[in-house]
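The next block is data_6.tsv, given as TSV, C-alpha atoms.
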```
chain	number	residue	atom	x	y	z
A	1	MET	CA	30.72	-55.87	53.88
A	2	SER	CA	27.66	-53.61	53.54
A	3	SER	CA	25.41	-53.21	56.52
A	4	VAL	CA	21.65	-53.56	56.24
A	5	ARG	CA	19.71	-50.86	58.03
A	6	ILE	CA	16.89	-52.22	60.18
A	7	GLY	CA	13.70	-50.20	60.19
A	8	PHE	CA	11.83	-49.23	63.30
A	9	VAL	CA	8.37	-47.86	64.16
A	10	SER	CA	7.66	-45.39	66.96
A	11	LEU	CA	4.02	-45.06	68.00
A	12	VAL	CA	4.20	-41.47	69.24
A	13	GLY	CA	1.66	-39.47	71.21
A	14	ALA	CA	1.52	-35.91	69.84
A	15	GLY	CA	-0.28	-34.56	72.90
A	16	PRO	CA	-3.41	-32.37	72.97
A	17	GLY	CA	-2.26	-29.83	70.39
A	18	ASP	CA	0.09	-27.27	71.92
A	19	PRO	CA	3.61	-28.19	70.66
A	20	GLU	CA	5.09	-27.09	73.99
A	21	VAL	CA	3.33	-30.02	75.66
A	22	LEU	CA	5.10	-32.50	73.36
A	23	THR	CA	7.52	-34.77	75.23
A	24	ARG	CA	11.25	-34.57	74.60
A	25	LYS	CA	11.27	-38.20	73.49
A	26	ALA	CA	8.56	-37.49	70.92
A	27	LEU	CA	10.58	-34.54	69.61
A	28	ALA	CA	13.68	-36.70	69.28
A	29	ARG	CA	11.78	-39.35	67.30
A	30	LEU	CA	10.32	-36.73	64.96
A	31	ARG	CA	13.75	-35.26	64.25
A	32	ARG	CA	15.14	-38.65	63.23
A	33	ALA	CA	12.13	-39.90	61.29
A	34	ASP	CA	12.23	-40.81	57.62
A	35	LEU	CA	8.44	-41.10	57.40
A	36	VAL	CA	5.69	-39.60	59.56
A	37	LEU	CA	2.20	-41.10	59.35
A	38	TYR	CA	-0.08	-38.63	61.10
A	39	ASP	CA	-3.69	-38.43	62.25
A	40	ALA	CA	-6.29	-35.71	61.75
A	41	LEU	CA	-5.96	-34.30	65.27
A	42	VAL	CA	-2.21	-33.70	65.07
A	43	ASP	CA	-1.41	-29.99	65.16
A	44	PRO	CA	0.43	-28.77	62.02
A	45	ARG	CA	3.01	-27.08	64.26
A	46	VAL	CA	4.02	-30.49	65.59
A	47	LEU	CA	4.45	-31.83	62.06
A	48	THR	CA	7.03	-29.16	61.25
A	49	LEU	CA	9.35	-30.71	63.85
A	50	GLY	CA	9.87	-33.72	61.57
A	51	ARG	CA	12.03	-31.61	59.27
A	52	ARG	CA	13.69	-34.34	57.24
A	53	ALA	CA	10.76	-36.75	57.04
A	54	ARG	CA	8.17	-37.43	54.38
A	55	ARG	CA	4.69	-36.87	55.80
A	56	PHE	CA	1.63	-38.91	54.95
A	57	PHE	CA	-1.89	-38.26	56.24
A	58	VAL	CA	-3.70	-41.39	57.45
A	59	GLY	CA	-6.34	-39.78	59.67
A	60	LYS	CA	-10.01	-40.45	60.29
A	61	ARG	CA	-12.64	-37.77	60.92
A	62	ALA	CA	-16.40	-38.27	61.26
A	63	GLY	CA	-16.51	-41.43	59.16
A	64	ARG	CA	-14.12	-40.08	56.50
A	65	HIS	CA	-11.08	-42.35	56.45
A	66	ALA	CA	-7.95	-41.53	54.46
A	67	LEU	CA	-6.93	-45.20	54.79
A	68	SER	CA	-8.44	-48.26	56.41
A	69	GLN	CA	-6.85	-49.44	59.65
A	70	GLU	CA	-5.51	-52.52	57.86
A	71	ALA	CA	-3.91	-50.30	55.20
A	72	ILE	CA	-2.21	-48.24	57.91
A	73	HIS	CA	-0.79	-51.45	59.38
A	74	ALA	CA	0.51	-52.53	55.98
A	75	LEU	CA	2.09	-49.11	55.31
A	76	MET	CA	3.96	-49.11	58.62
A	77	ILE	CA	5.19	-52.65	58.15
A	78	ARG	CA	6.29	-52.10	54.55
A	79	ALA	CA	8.20	-48.90	55.37
A	80	ALA	CA	9.94	-50.50	58.36
A	81	THR	CA	10.96	-53.61	56.42
A	82	ARG	CA	12.57	-51.29	53.86
A	83	GLY	CA	14.77	-49.86	56.60
A	84	HIS	CA	12.91	-46.63	57.35
A	85	ARG	CA	12.48	-44.98	60.73
A	86	VAL	CA	8.72	-44.53	60.94
A	87	VAL	CA	6.85	-42.28	63.34
A	88	ARG	CA	3.17	-43.12	63.66
A	89	LEU	CA	2.00	-39.80	65.10
A	90	LYS	CA	-1.28	-39.89	67.00
A	91	GLY	CA	-3.17	-37.15	68.82
A	92	GLY	CA	-3.00	-37.33	72.61
A	93	ASP	CA	-1.68	-40.68	73.77
A	94	PRO	CA	-1.44	-43.69	71.41
A	95	PHE	CA	-3.23	-46.00	73.83
A	96	VAL	CA	-6.17	-43.71	74.76
A	97	PHE	CA	-8.92	-44.23	72.16
A	98	GLY	CA	-6.27	-44.07	69.46
A	99	ARG	CA	-6.17	-47.68	68.20
A	100	GLY	CA	-2.52	-47.73	69.18
A	101	GLY	CA	-2.97	-51.15	70.75
A	102	GLU	CA	-4.17	-52.58	67.43
A	103	GLU	CA	-1.19	-51.08	65.62
A	104	ALA	CA	1.26	-52.37	68.22
A	105	LEU	CA	-0.17	-55.88	67.91
A	106	ALA	CA	0.06	-55.73	64.10
A	107	LEU	CA	3.72	-54.72	64.30
A	108	GLN	CA	4.43	-57.39	66.89
A	109	GLN	CA	2.82	-60.11	64.77
A	110	ALA	CA	4.81	-58.97	61.73
A	111	GLY	CA	8.07	-59.09	63.67
A	112	VAL	CA	8.71	-55.35	63.22
A	113	PRO	CA	10.71	-53.62	66.00
A	114	PHE	CA	8.66	-50.85	67.59
A	115	GLU	CA	8.23	-48.71	70.67
A	116	VAL	CA	5.45	-46.67	72.26
A	117	VAL	CA	6.16	-43.04	73.17
A	118	PRO	CA	3.40	-41.86	75.53
A	119	GLY	CA	1.75	-38.49	74.97
A	120	VAL	CA	-0.17	-36.09	77.18
A	121	THR	CA	-3.80	-37.03	76.70
A	122	SER	CA	-6.56	-34.45	76.29
A	123	VAL	CA	-8.41	-36.34	79.03
A	124	VAL	CA	-6.42	-34.33	81.57
A	125	ALA	CA	-4.81	-31.61	79.44
A	126	ALA	CA	-8.00	-30.01	78.09
A	127	PRO	CA	-9.77	-29.69	81.48
A	128	SER	CA	-6.54	-28.54	83.14
A	129	SER	CA	-6.03	-25.82	80.52
A	130	ALA	CA	-9.55	-24.59	81.33
A	131	GLY	CA	-8.89	-24.50	85.08
A	132	ILE	CA	-10.74	-27.74	85.85
A	133	PRO	CA	-8.93	-30.26	88.07
A	134	LEU	CA	-10.36	-33.74	87.54
A	135	THR	CA	-9.85	-34.63	91.19
A	136	HIS	CA	-10.21	-32.24	94.10
A	137	ARG	CA	-10.34	-32.81	97.84
A	138	GLY	CA	-13.93	-32.89	99.03
A	139	LEU	CA	-15.40	-32.88	95.51
A	140	SER	CA	-14.03	-35.84	93.58
A	141	ALA	CA	-11.56	-38.58	94.47
A	142	ALA	CA	-11.63	-40.30	91.06
A	143	PHE	CA	-12.50	-39.81	87.41
A	144	PHE	CA	-13.87	-42.11	84.73
A	145	VAL	CA	-13.10	-41.74	81.02
A	146	VAL	CA	-15.48	-42.95	78.34
A	147	SER	CA	-16.07	-42.44	74.62
A	148	GLY	CA	-19.41	-40.88	73.71
A	149	HIS	CA	-19.18	-41.97	70.07
A	150	ASP	CA	-20.85	-45.38	70.41
A	151	ARG	CA	-24.27	-45.27	72.08
A	152	GLN	CA	-24.28	-48.87	73.32
A	153	LEU	CA	-20.71	-48.80	74.66
A	154	PHE	CA	-21.45	-45.53	76.47
A	155	SER	CA	-24.59	-46.99	78.05
A	156	ASP	CA	-22.78	-50.17	79.10
A	157	ALA	CA	-19.95	-48.18	80.69
A	158	LEU	CA	-22.36	-46.04	82.69
A	159	GLY	CA	-23.90	-49.17	84.14
A	160	ALA	CA	-20.73	-49.71	86.17
A	161	LEU	CA	-20.92	-46.28	87.81
A	162	THR	CA	-22.74	-44.89	90.82
A	163	PRO	CA	-24.22	-41.53	89.75
A	164	ASN	CA	-22.74	-38.30	91.14
A	165	GLN	CA	-19.82	-39.98	92.91
A	166	ILE	CA	-16.91	-39.27	90.54
A	167	THR	CA	-15.87	-36.99	87.68
A	168	LEU	CA	-17.00	-38.22	84.27
A	169	VAL	CA	-14.84	-37.32	81.27
A	170	ILE	CA	-16.39	-37.92	77.85
A	171	LEU	CA	-14.31	-37.90	74.67
A	172	MET	CA	-15.75	-37.86	71.14
A	173	GLY	CA	-19.18	-36.96	72.47
A	174	PHE	CA	-19.76	-33.37	71.38
A	175	ALA	CA	-22.17	-34.20	68.54
A	176	ARG	CA	-24.26	-36.37	70.91
A	177	ARG	CA	-24.02	-34.09	73.96
A	178	VAL	CA	-27.79	-33.63	74.33
A	179	SER	CA	-28.62	-37.35	74.23
A	180	LEU	CA	-25.62	-38.22	76.42
A	181	ALA	CA	-26.73	-35.73	79.09
A	182	ALA	CA	-30.30	-37.02	78.92
A	183	GLU	CA	-29.12	-40.59	79.39
A	184	LEU	CA	-27.00	-39.61	82.38
A	185	MET	CA	-30.04	-38.02	84.02
A	186	GLU	CA	-32.11	-41.11	83.28
A	187	LYS	CA	-29.48	-43.16	85.10
A	188	GLY	CA	-29.69	-40.99	88.20
A	189	TRP	CA	-27.25	-38.13	87.66
A	190	ARG	CA	-28.71	-34.89	89.05
A	191	ALA	CA	-29.79	-32.20	86.58
A	192	LYS	CA	-27.93	-29.56	88.61
A	193	THR	CA	-24.62	-31.44	88.32
A	194	PRO	CA	-22.00	-29.01	86.95
A	195	ALA	CA	-20.85	-29.69	83.39
A	196	ALA	CA	-18.24	-28.14	81.12
A	197	ILE	CA	-17.16	-28.52	77.52
A	198	VAL	CA	-13.59	-27.66	76.52
A	199	SER	CA	-12.94	-27.44	72.80
A	200	ASP	CA	-9.45	-27.26	71.26
A	201	GLY	CA	-7.93	-27.40	74.73
A	202	THR	CA	-4.35	-26.05	75.26
A	203	ASN	CA	-4.49	-24.09	71.98
A	204	PRO	CA	-4.97	-20.33	71.44
A	205	SER	CA	-8.39	-21.03	69.90
A	206	ALA	CA	-9.59	-22.97	72.96
A	207	ALA	CA	-13.15	-22.28	74.15
A	208	VAL	CA	-14.92	-23.28	77.37
A	209	TRP	CA	-18.64	-23.64	78.03
A	210	ARG	CA	-19.91	-24.09	81.59
A	211	GLY	CA	-23.37	-24.99	82.81
A	212	THR	CA	-25.21	-27.97	84.22
A	213	LEU	CA	-26.15	-31.42	83.03
A	214	GLY	CA	-29.72	-30.17	82.76
A	215	ASP	CA	-28.58	-27.35	80.46
A	216	LEU	CA	-26.90	-29.85	78.18
A	217	ALA	CA	-29.91	-32.15	78.09
A	218	ALA	CA	-32.14	-29.19	77.25
A	219	GLY	CA	-29.89	-28.18	74.36
A	220	ARG	CA	-28.85	-24.87	75.90
A	221	MET	CA	-25.29	-25.25	74.61
A	222	HIS	CA	-25.69	-24.14	70.98
A	223	ALA	CA	-22.06	-23.64	69.90
A	224	ARG	CA	-20.59	-25.66	67.07
A	225	THR	CA	-17.00	-26.72	66.74
A	226	GLU	CA	-14.91	-28.77	64.36
A	227	ALA	CA	-12.18	-28.96	66.99
A	228	PRO	CA	-11.95	-31.90	69.40
A	229	ALA	CA	-14.00	-31.31	72.54
A	230	VAL	CA	-13.89	-32.85	76.00
A	231	ILE	CA	-17.00	-32.99	78.17
A	232	VAL	CA	-16.55	-32.94	81.94
A	233	VAL	CA	-19.45	-33.82	84.26
A	234	GLY	CA	-19.14	-33.54	88.03
A	235	GLU	CA	-18.67	-31.03	90.83
A	236	VAL	CA	-15.16	-30.11	89.66
A	237	ALA	CA	-16.59	-28.75	86.40
A	238	ALA	CA	-17.73	-25.68	88.34
A	239	LEU	CA	-14.16	-24.84	89.37
A	240	ASP	CA	-12.16	-22.24	87.47
A	241	VAL	CA	-8.57	-22.39	88.67
A	242	LYS	CA	-6.84	-19.69	86.67
A	243	THR	CA	-3.28	-20.09	85.50
A	244	THR	CA	-0.84	-17.27	86.17
A	245	VAL	CA	0.85	-16.42	82.88
A	246	LEU	CA	4.51	-15.49	83.21
A	247	GLN	CA	5.98	-12.99	80.79
A	248	GLU	CA	8.54	-15.36	79.33
A	249	PRO	CA	9.25	-16.18	75.68
A	250	ALA	CA	7.60	-19.34	74.39
A	251	CYS	CA	9.81	-22.39	74.04
A	252	ASP	CA	9.85	-23.51	70.39
A	253	GLU	CA	11.37	-26.86	71.17
A	254	ALA	CA	12.95	-28.88	73.95
A	255	PRO	CA	16.57	-28.07	74.85
A	256	ARG	CA	19.15	-30.08	73.00
A	257	ALA	CA	21.24	-32.57	74.90
A	258	ARG	CA	24.71	-31.31	75.80
A	259	ARG	CA	27.45	-32.98	73.81
A	260	SER	CA	30.09	-34.95	75.61
A	261	THR	CA	33.56	-33.36	75.70
A	262	ARG	CA	35.28	-36.70	75.92
```
Mind converting the file's structure to structure tokens?
Amino acid sequence: MSSVRIGFVSLVGAGPGDPEVLTRKALARLRRADLVLYDALVDPRVLTLGRRARRFFVGKRAGRHALSQEAIHALMIRAATRGHRVVRLKGGDPFVFGRGGEEALALQQAGVPFEVVPGVTSVVAAPSSAGIPLTHRGLSAAFFVVSGHDRQLFSDALGALTPNQITLVILMGFARRVSLAAELMEKGWRAKTPAAIVSDGTNPSAAVWRGTLGDLAAGRMHARTEAPAVIVVGEVAALDVKTTVLQEPACDEAPRARRSTR
């Protein structure tokens, strides 16, 4: 009697870029995958870990969509129903501004077995790699994460905050940094509030700008970047906690599990 292979979808967080920050579970799923559907922000070095899989780009960048969200759902469902192990590889964490919730619901409604493999989000990884702790005794006891892409959603989210009381982390806001900073000041955030922008965090090409909210609103940050950038506003943005680099060889991949001798 022939057995029918049941397909499965793993919604996997690829982390902020550096392959060494990838989780061991994500690595295991990539190694076993038949098909990897990956986003624009996934580092090419992470893709090479899916050695036996077919790879298909389904990303979205600045309004340019390789596939519609509905088409991505259909592709995952079709591949899984044909018995394939599918990895839906998403930058950062699948459930942090990654539409992973929509994809999980689509799989659930279609009756397709799936799992979510969390990833290290750039919300914390990018500032940390630049020496910026999001919370720090005496400076900030909390942080708030918001997307800067949609003007109305950003404005609505700010309405729930008391200015200058917590750390504000803005994703997808680099192109609108001047108007975002101006709106923050209009809502009561002080012009001298420290601000930082970390682009391509955790990667060798990472860059950090530091200044104040007033500097941002005045357009004094002139750099351009195609890489993802995280904006941090709050007293902690002035900190620069350097990492001590040990002279050890880089780890290409997670250690393999020891085989049982039984």
ask   = If you count all atoms listed in the file, which residues fall within 10 Å of Phe56 in chain A, apart from same-chain ones fewer than 4 positions away, as a PyMOL selection string?
value = chain A and resi 35-39+66+88
task = Dump as a PyMOL selection string all residues having an atom at most 10 Å from (-30.3, -27.0, 81.3), computed in the file's coordinates with all atoms listed in the file.
result = chain A and resi 178+181+191-192+211-221
How about saving the chosen residues, C-alpha atoms kept, as a tab-separated table (two decimals), in the frame of the given file?
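Ended up saving to part-v3.tsv:
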```tsv
chain	number	residue	atom	x	y	z
A	178	VAL	CA	-27.79	-33.63	74.33
A	181	ALA	CA	-26.73	-35.73	79.09
A	191	ALA	CA	-29.79	-32.20	86.58
A	192	LYS	CA	-27.93	-29.56	88.61
A	211	GLY	CA	-23.37	-24.99	82.81
A	212	THR	CA	-25.21	-27.97	84.22
A	213	LEU	CA	-26.15	-31.42	83.03
A	214	GLY	CA	-29.72	-30.17	82.76
A	215	ASP	CA	-28.58	-27.35	80.46
A	216	LEU	CA	-26.90	-29.85	78.18
A	217	ALA	CA	-29.91	-32.15	78.09
A	218	ALA	CA	-32.14	-29.19	77.25
A	219	GLY	CA	-29.89	-28.18	74.36
A	220	ARG	CA	-28.85	-24.87	75.90
A	221	MET	CA	-25.29	-25.25	74.61
```
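Counting from CA of Val233 in chain A, the distance to CA of Ile170 in chain A is 8.2 Å.
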key: Distance criterion (all atoms listed in the file): nearest to Val96 in chain A out of A:Ile231, A:Ala40, A:Val124, A:Met76   = A:Val124
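For the point (11.3, -39.0, 62.1), the residues with an atom at a distance of at most 10 Å are Val9, Ser10, Ala26, Leu27, Ala28, Arg29, Leu30, Arg31, Arg32, Ala33, Asp34, Leu35, Val36, Leu37, Leu47, Leu49, Gly50, Arg51, Arg52, Ala53, Arg54, Arg55, His84, Arg85, Val86, Val87, Arg88 and Leu89 of chain A, counting all atoms listed in the file.
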query = Could you pull the residues within 8 Å of Ser147 in chain A, counting all atoms listed in the file, minus those fewer than 3 positions along the same chain, as a ChimeraX atom specification?
reply = /A:97,150,153-154,170-173
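The interatomic distance for the pair CA of Phe114 in chain A and CA of Phe8 in chain A works out to 5.6 Å.
In this comparison, which uses only C-alpha atoms, the residue of A:Ala175, A:Ile6, A:Leu158, A:Val42 approaching Glu226 in chain A most closely is A:Ala175.
Our summary of the geometry notes that CA of Thr225 in chain A is positioned 14.5 Å from CA of Ala196 in chain A.
Within 9 Å of range 235-242 of chain A, once only C-alpha atoms are used and residues closer than 4 positions along the same chain are dropped, the contacting residues are Pro127, Ser128, Ser129, Ala130, Gly131, Ile132, Pro133, Leu134, Thr135, His136, Leu139, Ser140, Asn164, Ile166, Thr167, Thr193, Pro194, Ala195, Ala196, Ile197, Arg210, Gly211 and Thr212 of chain A.
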